[in-house]
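K.L.:
Quick one: the structure is below, questions incoming.
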Amino acid sequence: MKASEQTIQQLERTIRKIGQKFPESEEPTLLTDIHFRVFQDSGELLVYDDDDNEITRCVIEEWIDSKDDEFYDHVTSICRQVLKRNSGVIEKYSLLRPFSFVLEDDEKESVAELFISDGDTIIISGELMEGLDKELDSFFEKLMEE
């Protein structure tokens, strides 16, 4: 699933709306995560804070009634790209660092961590973490041999 320009614009608008709720200031708001809850059947994207208070919402028409078996994988990729592209806006949010964006399904189950802000932008992607268990196991085995 490739994101249309309209989908990208809707996600960018959502990021700006979040910024309006947490405008740049000297005193950060106490909040640690922003939750993107996506509904595959309705195409809704609801954004919540840690206390499950709604921040904003929109409907991504391209996602309505998606039958894609890898729907959340594609949504993860699209959201990461848009968040990365808008990191300058996100870094101005007056939120206590570190904070992250988390993708959830319609059951409120965490699907992926999309973006972490700790002053320096860090993007976590599946490719970066792939094979990490094997590398750590190998390192541990070599360490134990010595």
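Quick note on naming: the chains in the structure tokens go A, B, ... in the order shown, residues restart at 1 in each chain, and ligands are numbered from 1 in order of appearance.
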Run DSSP on the backbone and tell me which residues of stretch 6-135 of chain A come out as alpha helix (DSSP H); list them as JSON, numbers by chain.
P.N.:
{"A": [6, 7, 8, 9, 10, 11, 12, 13, 14, 15, 16, 17, 18, 19, 20, 21, 71, 72, 73, 74, 75, 76, 77, 78, 79, 80, 81, 82, 83, 84, 85, 87, 88, 89, 90, 126, 127, 128, 129, 132, 133, 134, 135]}
K.L.:
Taking 3 positions as the minimum chain separation for residues in the same chain, which residues sit within 9 Å of stretch 95-98 of chain A when counting only C-alpha atoms? Answer as JSON, numbers by chain.
P.N.:
{"A": [22, 23, 24, 27, 28, 29, 30, 31, 32, 33, 91, 92, 116, 117, 118, 119]}
K.L.:
At a cut-off of 9 Å, can you tabulate as CSV every residue of stretch 75-117 of chain A near stretch 9-14 of chain A together with its closest atom pair and the distance in Å to one decimal, using only C-alpha atoms and ordering rows by chain then number?
P.N.:
```
residue,atom,partner,partner_atom,distance
A:Cys79,CA,A:Leu11,CA,7.5
A:Val82,CA,A:Glu12,CA,6.8
A:Leu83,CA,A:Glu12,CA,8.0
A:Asn86,CA,A:Glu12,CA,7.4
```
K.L.:
Any chance you could export the current selection's all heavy atoms as a PDB file, in the first residue's frame?
P.N.:
```pdb
ATOM      1  N   CYS A  79       3.278   6.058   8.609  1.00  0.00           N
ATOM      2  CA  CYS A  79       3.330   6.973   9.754  1.00  0.00           C
ATOM      3  C   CYS A  79       4.768   7.330  10.109  1.00  0.00           C
ATOM      4  O   CYS A  79       5.069   8.493  10.403  1.00  0.00           O
ATOM      5  CB  CYS A  79       2.621   6.365  10.963  1.00  0.00           C
ATOM      6  SG  CYS A  79       0.825   6.321  10.814  1.00  0.00           S
ATOM      7  N   VAL A  82       6.069   9.940   7.629  1.00  0.00           N
ATOM      8  CA  VAL A  82       5.482  11.263   7.846  1.00  0.00           C
ATOM      9  C   VAL A  82       6.007  11.884   9.141  1.00  0.00           C
ATOM     10  O   VAL A  82       6.323  13.076   9.181  1.00  0.00           O
ATOM     11  CB  VAL A  82       3.936  11.190   7.834  1.00  0.00           C
ATOM     12  CG1 VAL A  82       3.317  12.515   8.237  1.00  0.00           C
ATOM     13  CG2 VAL A  82       3.440  10.763   6.449  1.00  0.00           C
ATOM     14  N   LEU A  83       6.128  11.098  10.192  1.00  0.00           N
ATOM     15  CA  LEU A  83       6.658  11.612  11.458  1.00  0.00           C
ATOM     16  C   LEU A  83       8.107  12.065  11.292  1.00  0.00           C
ATOM     17  O   LEU A  83       8.497  13.122  11.786  1.00  0.00           O
ATOM     18  CB  LEU A  83       6.540  10.568  12.561  1.00  0.00           C
ATOM     19  CG  LEU A  83       5.113  10.300  13.053  1.00  0.00           C
ATOM     20  CD1 LEU A  83       5.058   9.020  13.874  1.00  0.00           C
ATOM     21  CD2 LEU A  83       4.580  11.472  13.845  1.00  0.00           C
ATOM     22  N   ASN A  86       8.309  15.303   9.529  1.00  0.00           N
ATOM     23  CA  ASN A  86       7.786  16.412  10.331  1.00  0.00           C
ATOM     24  C   ASN A  86       8.446  16.491  11.698  1.00  0.00           C
ATOM     25  O   ASN A  86       7.890  17.075  12.630  1.00  0.00           O
ATOM     26  CB  ASN A  86       6.267  16.272  10.478  1.00  0.00           C
ATOM     27  CG  ASN A  86       5.555  16.538   9.186  1.00  0.00           C
ATOM     28  OD1 ASN A  86       5.261  17.677   8.871  1.00  0.00           O
ATOM     29  ND2 ASN A  86       5.307  15.498   8.405  1.00  0.00           N
TER      30      ASN A  86
END
```
K.L.:
Which value, in Å to one decimal, gives the distance between atom CA of A:Val111 and atom CA of A:His35?
P.N.:
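Spanning atom CA of A:Val111 to atom CA of A:His35 is a straight-line distance of 10.5 Å.
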K.L.:
How many Å lie between atom CA of A:Ile64 and atom CA of A:Phe99, rounded to one decimal?
P.N.:
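Result for atom CA of A:Ile64 versus atom CA of A:Phe99: 29.0 Å, one decimal.
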K.L.:
Please, what distance in Å, to one decimal, runs between atom CA of A:Asp105 and atom CA of A:Thr76?
P.N.:
10.9 Å
K.L.:
Using DSSP on the backbone coordinates, identify the residues of stretch 41-122 of chain A assigned to strand (DSSP E or B); present them as a list in words.
P.N.:
Glu44, Leu45, Leu46, Val47, Tyr48, Glu54, Ile55, Thr56, Arg57, Cys58, Val59, Leu95, Phe99, Ser100, Phe101, Val102, Leu103, Glu104, Ser110, Val111, Ala112, Glu113, Leu114, Phe115, Ile116, Ser117, Thr121 and Ile122 of chain A
K.L.:
Taking only C-alpha atoms into account, name the residue in A:Glu5, A:Glu113, A:Glu26, A:Asp41 that is nearest to A:Asp68.
P.N.:
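Using only C-alpha atoms, the shortest distance to A:Asp68 belongs to A:Asp41.
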K.L.:
Restricting the calculation to only C-alpha atoms: of A:Leu46, A:Ile8, A:Val38, A:Ala3, which residue gets closest to A:Glu107?
P.N.:
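Using only C-alpha atoms, the shortest distance to A:Glu107 belongs to A:Val38.
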K.L.:
Check the smallest atom-to-atom distance from each of A:Leu143, A:Val89, A:Ile60, A:Ile18 to A:Ser4 using only C-alpha atoms, then report the winner.
P.N.:
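Under the stated criterion, the closest residue is A:Ile60.
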K.L.:
Quick one: residues within 10 Å of A:Val75, only C-alpha atoms, excluding same-chain residues fewer than 3 positions away - as a PyMOL selection string?
P.N.:
chain A and resi 1-3+38+40+63+70-72+78-81+103+112
K.L.:
What would the file look like if the residues just selected were written as a compact mmCIF listing (two decimals), in the first residue's frame with all heavy atoms?
P.N.:
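Contents of part.txt, as written:
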```txt
# COMPACT_ATOMS: atom_id res chain seq x y z
N MET A 1 0.85 -1.17 0.00
CA MET A 1 0.00 0.00 0.00
C MET A 1 0.90 1.24 0.00
O MET A 1 1.69 1.43 0.90
CB MET A 1 -0.89 -0.01 1.25
CG MET A 1 -1.69 1.23 1.43
SD MET A 1 -2.55 1.48 3.03
CE MET A 1 -2.95 -0.11 3.63
N LYS A 2 0.78 2.03 -1.02
CA LYS A 2 1.53 3.27 -1.12
C LYS A 2 0.59 4.39 -0.69
O LYS A 2 -0.57 4.42 -1.08
CB LYS A 2 2.02 3.47 -2.55
CG LYS A 2 2.93 4.66 -2.71
CD LYS A 2 3.50 4.67 -4.11
CE LYS A 2 4.59 5.65 -4.31
NZ LYS A 2 4.43 7.00 -4.24
N ALA A 3 1.10 5.29 0.10
CA ALA A 3 0.26 6.38 0.61
C ALA A 3 0.01 7.41 -0.48
O ALA A 3 0.93 7.83 -1.19
CB ALA A 3 0.94 7.04 1.80
N VAL A 38 -5.70 3.18 15.12
CA VAL A 38 -6.20 3.10 13.75
C VAL A 38 -7.24 1.98 13.65
O VAL A 38 -7.03 0.87 14.15
CB VAL A 38 -5.04 2.82 12.76
CG1 VAL A 38 -5.57 2.65 11.35
CG2 VAL A 38 -4.02 3.95 12.82
N GLN A 40 -9.16 -0.27 11.00
CA GLN A 40 -9.05 -0.73 9.62
C GLN A 40 -10.38 -0.67 8.88
O GLN A 40 -10.42 -0.36 7.70
CB GLN A 40 -8.51 -2.17 9.61
CG GLN A 40 -8.15 -2.68 8.24
CD GLN A 40 -7.40 -4.00 8.31
OE1 GLN A 40 -7.12 -4.52 9.39
NE2 GLN A 40 -7.08 -4.55 7.15
N TRP A 63 -7.78 4.20 3.87
CA TRP A 63 -7.73 3.06 4.78
C TRP A 63 -9.09 2.45 5.05
O TRP A 63 -9.18 1.39 5.68
CB TRP A 63 -7.10 3.49 6.11
CG TRP A 63 -5.67 3.92 6.00
CD1 TRP A 63 -4.84 3.77 4.92
CD2 TRP A 63 -4.89 4.56 7.00
NE1 TRP A 63 -3.60 4.30 5.20
CE2 TRP A 63 -3.60 4.79 6.47
CE3 TRP A 63 -5.16 4.98 8.29
CZ2 TRP A 63 -2.59 5.42 7.20
CZ3 TRP A 63 -4.15 5.60 9.02
CH2 TRP A 63 -2.88 5.81 8.47
N GLU A 70 -1.55 -7.09 5.56
CA GLU A 70 -0.43 -6.41 6.19
C GLU A 70 -0.76 -4.93 6.44
O GLU A 70 0.13 -4.08 6.41
CB GLU A 70 0.81 -6.55 5.31
CG GLU A 70 1.24 -7.99 5.15
CD GLU A 70 2.41 -8.15 4.21
OE1 GLU A 70 2.91 -7.14 3.68
OE2 GLU A 70 2.83 -9.30 4.01
N PHE A 71 -2.01 -4.66 6.71
CA PHE A 71 -2.49 -3.29 6.89
C PHE A 71 -1.65 -2.53 7.91
O PHE A 71 -1.16 -1.43 7.63
CB PHE A 71 -3.96 -3.31 7.32
CG PHE A 71 -4.52 -1.96 7.65
CD1 PHE A 71 -4.85 -1.05 6.65
CD2 PHE A 71 -4.73 -1.58 8.97
CE1 PHE A 71 -5.36 0.20 6.95
CE2 PHE A 71 -5.25 -0.33 9.29
CZ PHE A 71 -5.56 0.55 8.26
N TYR A 72 -1.46 -3.08 9.10
CA TYR A 72 -0.76 -2.35 10.15
C TYR A 72 0.73 -2.19 9.84
O TYR A 72 1.34 -1.20 10.24
CB TYR A 72 -0.99 -3.00 11.52
CG TYR A 72 -2.40 -2.73 12.02
CD1 TYR A 72 -3.37 -3.71 11.99
CD2 TYR A 72 -2.75 -1.47 12.51
CE1 TYR A 72 -4.67 -3.44 12.43
CE2 TYR A 72 -4.03 -1.20 12.95
CZ TYR A 72 -4.99 -2.19 12.91
OH TYR A 72 -6.26 -1.92 13.34
N ILE A 78 4.09 4.12 6.71
CA ILE A 78 3.61 5.44 6.28
C ILE A 78 3.74 6.44 7.42
O ILE A 78 4.24 7.56 7.24
CB ILE A 78 2.15 5.35 5.78
CG1 ILE A 78 2.09 4.53 4.49
CG2 ILE A 78 1.56 6.74 5.59
CD1 ILE A 78 0.68 4.07 4.11
N CYS A 79 3.28 6.06 8.61
CA CYS A 79 3.33 6.97 9.75
C CYS A 79 4.77 7.33 10.11
O CYS A 79 5.07 8.49 10.40
CB CYS A 79 2.62 6.37 10.96
SG CYS A 79 0.83 6.32 10.81
N ARG A 80 5.66 6.36 10.07
CA ARG A 80 7.07 6.64 10.38
C ARG A 80 7.65 7.64 9.40
O ARG A 80 8.38 8.55 9.79
CB ARG A 80 7.89 5.35 10.36
CG ARG A 80 7.74 4.53 11.60
CD ARG A 80 8.63 3.31 11.57
NE ARG A 80 8.51 2.58 12.82
CZ ARG A 80 8.64 1.28 12.93
NH1 ARG A 80 8.93 0.55 11.87
NH2 ARG A 80 8.52 0.69 14.11
N GLN A 81 7.34 7.46 8.12
CA GLN A 81 7.85 8.39 7.11
C GLN A 81 7.35 9.80 7.35
O GLN A 81 8.12 10.77 7.29
CB GLN A 81 7.43 7.92 5.72
CG GLN A 81 8.11 6.67 5.24
CD GLN A 81 7.51 6.14 3.95
OE1 GLN A 81 6.83 6.86 3.23
NE2 GLN A 81 7.75 4.86 3.67
N LEU A 103 1.71 3.21 17.70
CA LEU A 103 0.58 2.79 16.87
C LEU A 103 -0.16 1.68 17.58
O LEU A 103 0.46 0.72 18.06
CB LEU A 103 1.07 2.30 15.50
CG LEU A 103 -0.02 1.81 14.54
CD1 LEU A 103 -0.94 2.96 14.13
CD2 LEU A 103 0.60 1.17 13.31
N ALA A 112 3.17 -0.96 17.09
CA ALA A 112 4.56 -0.55 16.83
C ALA A 112 4.85 0.77 17.51
O ALA A 112 3.96 1.60 17.70
CB ALA A 112 4.79 -0.41 15.32
```
